[in-house]
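Source file: upload14.cif; contents: mmCIF, C-alpha atoms.
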```cif
data_input
loop_
_atom_site.label_atom_id
_atom_site.label_comp_id
_atom_site.auth_asym_id
_atom_site.auth_seq_id
_atom_site.Cartn_x
_atom_site.Cartn_y
_atom_site.Cartn_z
CA MET A 1 -37.24 -15.46 20.91
CA LYS A 2 -36.54 -14.98 17.21
CA LEU A 3 -34.30 -17.92 16.33
CA ILE A 4 -35.02 -21.56 15.59
CA ILE A 5 -32.03 -23.62 16.70
CA ASP A 6 -31.84 -27.32 15.83
CA GLU A 7 -29.97 -28.79 18.80
CA GLU A 8 -29.20 -32.03 16.96
CA LEU A 9 -27.61 -30.25 13.98
CA CYS A 10 -25.66 -27.78 16.11
CA THR A 11 -21.97 -28.67 16.46
CA ALA A 12 -21.26 -26.07 19.17
CA CYS A 13 -18.57 -24.45 17.00
CA LYS A 14 -19.40 -21.01 18.50
CA GLN A 15 -19.25 -19.25 15.15
CA CYS A 16 -22.77 -17.88 15.64
CA MET A 17 -21.89 -16.53 19.08
CA GLN A 18 -18.78 -14.81 17.73
CA VAL A 19 -20.63 -12.92 14.97
CA CYS A 20 -23.68 -11.90 17.01
CA ILE A 21 -23.31 -8.13 17.48
CA ARG A 22 -26.04 -8.09 20.15
CA ASP A 23 -24.44 -10.82 22.32
CA ASN A 24 -27.70 -12.71 22.04
CA ILE A 25 -26.25 -16.22 21.71
CA VAL A 26 -24.27 -18.42 24.09
CA VAL A 27 -22.98 -21.88 23.28
CA GLU A 28 -22.75 -24.73 25.74
CA ASP A 29 -23.62 -28.18 24.43
CA PHE A 30 -25.43 -26.31 21.66
CA ALA A 31 -26.32 -22.72 20.75
CA ILE A 32 -28.88 -20.97 22.93
CA GLU A 33 -30.66 -17.66 22.30
CA THR A 34 -30.39 -15.68 25.52
CA GLY A 35 -33.07 -13.02 25.15
CA SER A 36 -35.07 -10.70 22.93
CA ASN A 37 -32.18 -8.50 21.86
CA CYS A 38 -32.00 -10.05 18.37
CA PHE A 39 -32.70 -7.68 15.49
CA GLU A 40 -32.67 -10.45 12.90
CA CYS A 41 -29.52 -9.48 11.04
CA GLY A 42 -29.08 -13.15 10.15
CA HIS A 43 -25.32 -13.34 10.76
CA CYS A 44 -25.76 -16.46 12.87
CA MET A 45 -27.84 -18.18 10.20
CA ALA A 46 -25.46 -17.17 7.42
CA ILE A 47 -22.33 -18.47 9.14
CA CYS A 48 -23.60 -21.75 10.61
CA LYS A 49 -21.71 -24.64 8.98
CA SER A 50 -24.42 -27.20 9.70
CA GLY A 51 -27.50 -25.11 8.93
CA ALA A 52 -28.73 -25.43 12.51
CA ILE A 53 -30.07 -21.86 12.82
CA THR A 54 -32.96 -20.18 11.04
CA LEU A 55 -34.97 -17.06 11.78
CA LYS A 56 -38.64 -17.44 12.64
CA SER A 57 -39.62 -14.34 10.68
CA TYR A 58 -38.37 -15.91 7.45
CA GLU A 59 -40.18 -19.23 7.71
CA GLY A 60 -41.70 -20.08 4.34
CA LYS A 61 -38.93 -18.26 2.48
CA GLU A 62 -36.54 -21.18 2.28
CA ASP A 63 -36.29 -20.67 -1.49
CA ARG A 64 -34.40 -17.46 -0.72
CA ILE A 65 -31.62 -19.33 1.06
CA VAL A 66 -28.64 -19.86 -1.23
CA ASP A 67 -25.45 -21.60 -0.14
CA TYR A 68 -22.17 -20.38 -1.59
CA ASN A 69 -18.44 -20.86 -1.13
CA PRO A 70 -17.21 -17.84 0.88
CA ARG A 71 -13.71 -18.29 -0.53
CA GLU A 72 -14.88 -17.92 -4.12
CA LEU A 73 -16.17 -14.61 -5.50
CA PRO A 74 -18.21 -14.60 -8.73
CA LEU A 75 -16.09 -11.82 -10.26
CA GLU A 76 -12.58 -10.46 -10.02
CA TYR A 77 -11.49 -6.99 -8.84
CA ASP A 78 -10.38 -5.90 -12.31
CA ASP A 79 -13.73 -6.92 -13.83
CA LEU A 80 -15.74 -4.99 -11.26
CA LEU A 81 -13.47 -1.95 -11.51
CA GLN A 82 -13.81 -1.93 -15.29
CA PHE A 83 -17.58 -2.14 -14.90
CA LEU A 84 -17.51 0.90 -12.60
CA LYS A 85 -15.29 2.78 -15.03
CA GLN A 86 -17.80 2.28 -17.84
CA ARG A 87 -20.73 3.59 -15.81
CA ARG A 88 -21.86 7.05 -16.96
CA SER A 89 -25.03 9.07 -16.49
CA MET A 90 -27.38 8.58 -19.44
CA ARG A 91 -30.03 11.10 -20.49
CA TRP A 92 -30.80 9.99 -24.05
CA PHE A 93 -33.16 7.03 -24.33
CA LYS A 94 -34.86 4.94 -26.96
CA ASN A 95 -38.63 5.17 -27.31
CA LYS A 96 -39.01 1.87 -25.48
CA LYS A 97 -40.31 1.38 -21.97
CA ILE A 98 -39.00 -1.07 -19.39
CA ASP A 99 -41.45 -3.85 -18.56
CA LYS A 100 -42.42 -5.02 -15.07
CA GLU A 101 -40.40 -8.25 -15.32
CA THR A 102 -37.21 -6.26 -15.93
CA PHE A 103 -37.98 -3.90 -13.05
CA GLU A 104 -38.39 -6.94 -10.78
CA LYS A 105 -34.89 -8.07 -11.75
CA LEU A 106 -33.54 -4.68 -10.69
CA PHE A 107 -35.28 -4.79 -7.33
CA GLU A 108 -33.53 -8.09 -6.57
CA GLY A 109 -30.40 -6.00 -5.97
CA ALA A 110 -32.25 -3.87 -3.43
CA TYR A 111 -33.70 -7.01 -1.80
CA TYR A 112 -30.21 -7.97 -0.64
CA SER A 113 -29.17 -4.42 0.27
CA PRO A 114 -28.05 -3.62 3.84
CA SER A 115 -30.04 -1.15 5.92
CA ALA A 116 -29.54 0.81 9.14
CA GLN A 117 -30.34 -1.32 12.21
CA ASN A 118 -31.63 -3.93 9.75
CA GLU A 119 -34.85 -1.95 9.45
CA GLN A 120 -35.35 -3.09 5.83
CA ASP A 121 -37.82 -0.27 5.29
CA VAL A 122 -36.65 0.90 1.87
CA GLU A 123 -39.57 1.26 -0.53
CA PHE A 124 -39.69 2.01 -4.25
CA VAL A 125 -42.11 3.71 -6.59
CA VAL A 126 -41.95 3.26 -10.36
CA LEU A 127 -43.55 6.24 -12.07
CA ASP A 128 -44.81 5.59 -15.57
CA GLU A 129 -48.43 6.44 -16.40
CA LYS A 130 -48.59 9.05 -13.62
CA LEU A 131 -45.17 10.53 -14.37
CA ASP A 132 -46.50 13.75 -15.93
CA GLU A 133 -48.93 14.28 -13.05
CA PHE A 134 -46.12 13.77 -10.56
CA MET A 135 -43.78 16.17 -12.34
CA GLU A 136 -46.45 18.89 -12.30
CA LEU A 137 -46.68 18.47 -8.53
CA VAL A 138 -42.88 18.60 -8.25
CA TYR A 139 -42.77 21.89 -10.12
CA ASP A 140 -45.58 23.37 -8.05
CA ILE A 141 -43.48 22.64 -4.94
CA ILE A 142 -40.00 23.59 -6.13
CA LYS A 143 -40.96 26.68 -8.15
CA VAL A 144 -40.26 28.77 -5.05
CA GLN A 145 -36.58 28.34 -5.95
CA GLU A 146 -36.74 29.08 -9.68
CA ASP A 147 -35.06 32.47 -9.20
CA GLU A 148 -32.16 30.64 -7.59
CA PHE A 149 -31.88 27.75 -10.07
CA PHE A 150 -32.28 28.40 -13.79
CA ARG A 151 -33.06 24.72 -14.38
CA ILE A 152 -36.23 25.00 -12.29
CA LYS A 153 -37.25 28.07 -14.26
CA GLU A 154 -36.70 26.15 -17.52
CA PHE A 155 -38.80 23.34 -16.09
CA GLY A 156 -41.72 25.72 -15.54
CA GLU A 157 -41.38 27.16 -19.03
CA TYR A 158 -41.38 23.63 -20.48
CA LEU A 159 -44.58 22.69 -18.62
CA ARG A 160 -46.31 25.79 -19.96
CA ASP A 161 -45.07 25.23 -23.53
CA ASN A 162 -42.98 22.16 -24.31
CA SER A 163 -42.18 23.47 -27.79
CA THR A 164 -39.68 25.86 -26.21
CA LYS A 165 -37.17 23.08 -25.37
CA ASP A 166 -35.72 20.13 -27.23
CA PHE A 167 -35.66 18.05 -24.05
CA HIS A 168 -37.50 17.94 -20.76
CA PRO A 169 -35.30 20.07 -18.43
CA LEU A 170 -35.38 17.47 -15.64
CA LEU A 171 -36.20 14.16 -17.35
CA TRP A 172 -34.52 14.76 -20.72
CA GLU A 173 -35.76 11.81 -22.82
CA GLY A 174 -36.71 9.73 -19.79
CA LYS A 175 -40.19 8.17 -19.67
CA GLN A 176 -39.88 6.22 -16.41
CA LEU A 177 -38.65 7.19 -12.96
CA ILE A 178 -37.70 5.20 -9.87
CA LEU A 179 -38.17 6.88 -6.50
CA THR A 180 -36.63 5.46 -3.32
CA PHE A 181 -38.17 6.06 0.10
CA SER A 182 -36.86 5.21 3.57
CA THR A 183 -36.58 6.55 7.10
CA ASP A 184 -32.80 6.45 6.65
CA LYS A 185 -31.09 8.28 3.80
CA THR A 186 -28.04 6.03 3.62
CA SER A 187 -30.17 2.88 3.37
CA ALA A 188 -32.13 4.38 0.48
CA VAL A 189 -29.05 5.52 -1.43
CA ILE A 190 -27.25 2.19 -1.04
CA ALA A 191 -30.32 0.28 -2.23
CA ASN A 192 -30.77 2.52 -5.27
CA THR A 193 -27.06 2.29 -6.14
CA ARG A 194 -27.26 -1.49 -6.21
CA LEU A 195 -30.33 -1.27 -8.39
CA GLU A 196 -28.55 1.16 -10.70
CA LEU A 197 -25.55 -1.13 -11.20
CA LEU A 198 -27.83 -4.05 -12.00
CA ALA A 199 -29.57 -1.82 -14.52
CA TYR A 200 -26.28 -1.28 -16.38
CA SER A 201 -25.67 -5.01 -16.39
CA LEU A 202 -29.01 -5.43 -18.21
CA GLY A 203 -28.15 -2.85 -20.85
CA LEU A 204 -30.16 -0.05 -19.22
CA GLY A 205 -28.98 3.41 -18.23
CA GLY A 206 -30.08 6.45 -16.31
CA PHE A 207 -29.21 9.42 -14.14
CA TYR A 208 -30.07 10.92 -10.75
CA SER A 209 -32.05 14.14 -10.33
CA LEU A 210 -31.33 16.38 -7.35
CA PHE A 211 -33.98 18.87 -8.49
CA ILE A 212 -36.79 16.34 -8.09
CA LEU A 213 -35.47 15.55 -4.60
CA LYS A 214 -36.01 19.20 -3.68
CA ALA A 215 -39.76 18.55 -3.60
CA ASP A 216 -39.31 16.42 -0.49
CA GLU A 217 -36.89 18.89 1.07
CA ILE A 218 -39.20 21.87 0.52
CA ASP A 219 -42.60 20.35 1.35
CA HIS A 220 -42.47 16.74 2.43
CA ASP A 221 -46.08 16.58 3.62
CA ARG A 222 -47.49 17.85 0.37
CA LEU A 223 -45.30 15.52 -1.68
CA MET A 224 -46.42 12.50 0.32
CA GLU A 225 -50.07 13.25 -0.43
CA PHE A 226 -49.26 11.82 -3.87
CA PHE A 227 -48.13 8.53 -2.29
CA GLN A 228 -51.00 7.46 -0.05
CA ASP A 229 -49.64 3.90 0.38
CA ILE A 230 -46.24 4.95 1.75
CA ASP A 231 -45.51 5.66 5.42
CA LYS A 232 -45.35 9.45 5.82
CA ASP A 233 -42.30 9.08 8.08
CA LYS A 234 -40.32 7.92 5.05
CA HIS A 235 -38.60 10.47 2.84
CA MET A 236 -37.85 10.44 -0.86
CA TYR A 237 -34.06 10.16 -0.79
CA SER A 238 -33.27 9.09 -4.36
CA THR A 239 -34.73 9.78 -7.80
CA PHE A 240 -33.41 7.83 -10.77
CA ILE A 241 -34.56 8.37 -14.35
CA ILE A 242 -34.10 5.11 -16.25
CA GLY A 243 -34.45 3.73 -19.76
CA TYR A 244 -32.81 2.01 -22.71
CA PRO A 245 -29.79 4.09 -23.81
CA LYS A 246 -29.77 5.68 -27.24
CA LYS A 247 -26.09 6.62 -26.98
CA ARG A 248 -22.99 4.57 -26.19
CA PHE A 249 -19.91 6.12 -24.63
CA ARG A 250 -16.50 4.85 -25.73
CA ARG A 251 -13.97 5.85 -23.10
CA THR A 252 -13.45 7.07 -19.55
CA ILE A 253 -12.59 10.68 -18.74
CA PRO A 254 -10.20 11.85 -16.02
CA HIS A 255 -11.63 12.79 -12.63
CA LYS A 256 -10.32 14.94 -9.85
CA ASP A 257 -8.00 13.00 -7.59
CA ILE A 258 -9.74 11.26 -4.71
CA LYS A 259 -8.64 12.73 -1.40
CA VAL A 260 -7.84 10.09 1.18
CA ASN A 261 -6.60 10.84 4.67
CA TYR A 262 -5.00 8.15 6.80
CA TYR A 263 -4.84 8.80 10.52
#
```

Step by step, read the file and then write its structure as structure tokens.
Amino acid sequence: MKLIIDEELCTACKQCMQVCIRDNIVVEDFAIETGSNCFECGHCMAICKSGAITLKSYEGKEDRIVDYNPRELPLEYDDLLQFLKQRRSMRWFKNKKIDKETFEKLFEGAYYSPSAQNEQDVEFVVLDEKLDEFMELVYDIIKVQEDEFFRIKEFGEYLRDNSTKDFHPLLWEGKQLILTFSTDKTSAVIANTRLELLAYSLGLGGFYSLFILKADEIDHDRLMEFFQDIDKDKHMYSTFIIGYPKKRFRRTIPHKDIKVNYY
């Protein structure tokens, strides 16, 4: 059993039973957990009007429980849409590094991110002091495709002689990199996207690199030798170069029309 149900607080409203996607709760005089099918999504705990349900696995984390009015959102549609409009990839950064306290603020967004089957197995790596060492490994893996992608070839030329380029071909002016690992690609991407949006709210900026991701695609086992503390079953599904922007964009640009099909 994974739930703690306070029979005295329970009002038998059946809300918990109605939102349980595993049919793991029945309500008679009070709510009852029926078996071990619970995967701790927390819907029952989040919807209970009287606070009668908690999850055993989160005992001691009561400070993470925040009540809110479900009928009141902290921002309006137009505000969020405008925020999304102003988001642009940033490759030009100030010579100022992000401190650990600021990174922790970003990871709060990932803390509340959904994950497949509620696995909650998304893991992050912040590369700073070992960034150059990591990028040398990345090139050694992805160089097999430098005849196919000119950017990879430029990357190799830069590593051999960085005076040949004004910017790092993959990092540009970036000095710090966030990597996201998970067993599920969608979970990793959603978590990193939330982190990215929080970054913009703190005056930071960044961009994603598909070329760095190729290292995992080409030789996952070799890549993971660099990350001894991470489960080898997890893959690097997102790479985000981040920093303090040196440029400020002033307007949106048109995009191709979004294709939507209604069936």

Quick check on the file I pasted: which residues fall under the PyMOL selection byres ((chain A and resi 33) around 8)? Write them as a ChimeraX atom specification. /A:1,3,24-26,31-32,34-35

Quick check on the file I pasted: which residues fall under the PyMOL selection byres ((chain A and resi 94) around 9)? Write them as a PyMOL selection string. chain A and resi 92-93+95-97+173-174+243-247

Could you write out the selected residues, including C-alpha atoms, as a compact mmCIF listing (two decimals), keeping the file's coordinate frame?
```txt
# COMPACT_ATOMS: atom_id res chain seq x y z
CA TRP A 92 -30.80 9.99 -24.05
CA PHE A 93 -33.16 7.03 -24.33
CA ASN A 95 -38.63 5.17 -27.31
CA LYS A 96 -39.01 1.87 -25.48
CA LYS A 97 -40.31 1.38 -21.97
CA GLU A 173 -35.76 11.81 -22.82
CA GLY A 174 -36.71 9.73 -19.79
CA GLY A 243 -34.45 3.73 -19.76
CA TYR A 244 -32.81 2.01 -22.71
CA PRO A 245 -29.79 4.09 -23.81
CA LYS A 246 -29.77 5.68 -27.24
CA LYS A 247 -26.09 6.62 -26.98
```

With 8 Å as the cut-off and only C-alpha atoms counted, what is the closest atom pair between each nearby residue of stretch 84-184 of chain A and stretch 205-210 of chain A? Distances in Å to one decimal, ordered by chain and number, as a tab-separated table.
```
residue	atom	partner	partner_atom	distance
A:Ser89	CA	A:Phe207	CA	4.8
A:Met90	CA	A:Gly206	CA	4.7
A:Arg91	CA	A:Gly206	CA	6.3
A:Leu170	CA	A:Ser209	CA	7.1
```

Quick one: which residues end up in the PyMOL selection byres ((chain A and resi 191-203) around 10) for this structure, as JSON, numbers by chain? {"A": [83, 84, 86, 87, 88, 102, 103, 105, 106, 107, 108, 109, 110, 111, 112, 113, 114, 115, 122, 123, 124, 178, 179, 180, 181, 186, 187, 188, 189, 190, 204, 205, 206, 207, 208, 237, 238, 239, 240, 242, 243, 244, 245]}

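With all atoms listed in the file taken into account, the protein and nucleic acid residues at most 9 Å from A:Leu137 (excluding it and anything under 2 positions from it in its own chain) are Asp132, Glu133, Phe134, Met135, Tyr139, Asp140, Ile141, Ile142, Ala215, Arg222, Leu223 and Phe226 of chain A.
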
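As for atom CA of A:Glu225 and atom CA of A:Glu154, they are spaced 25.2 Å apart.
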
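The spacing separating atom CA of A:Lys143 from atom CA of A:Asn162 amounts to 16.9 Å.
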
Which residue of A:Phe155, A:Gln15, A:Leu80, A:Asp219 approaches A:His235 most closely, using all atoms listed in the file: A:Asp219

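Atom CA of A:Gln176 is found 7.0 Å from atom CA of A:Val126.
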
As an NGL selection string, please: the residues near stretch 55-70 of chain A (cut-off 10 Å, all atoms listed in the file, same-chain neighbours under 3 positions excluded). :A and (1-5 or 40-42 or 44-47 or 51 or 73-74)
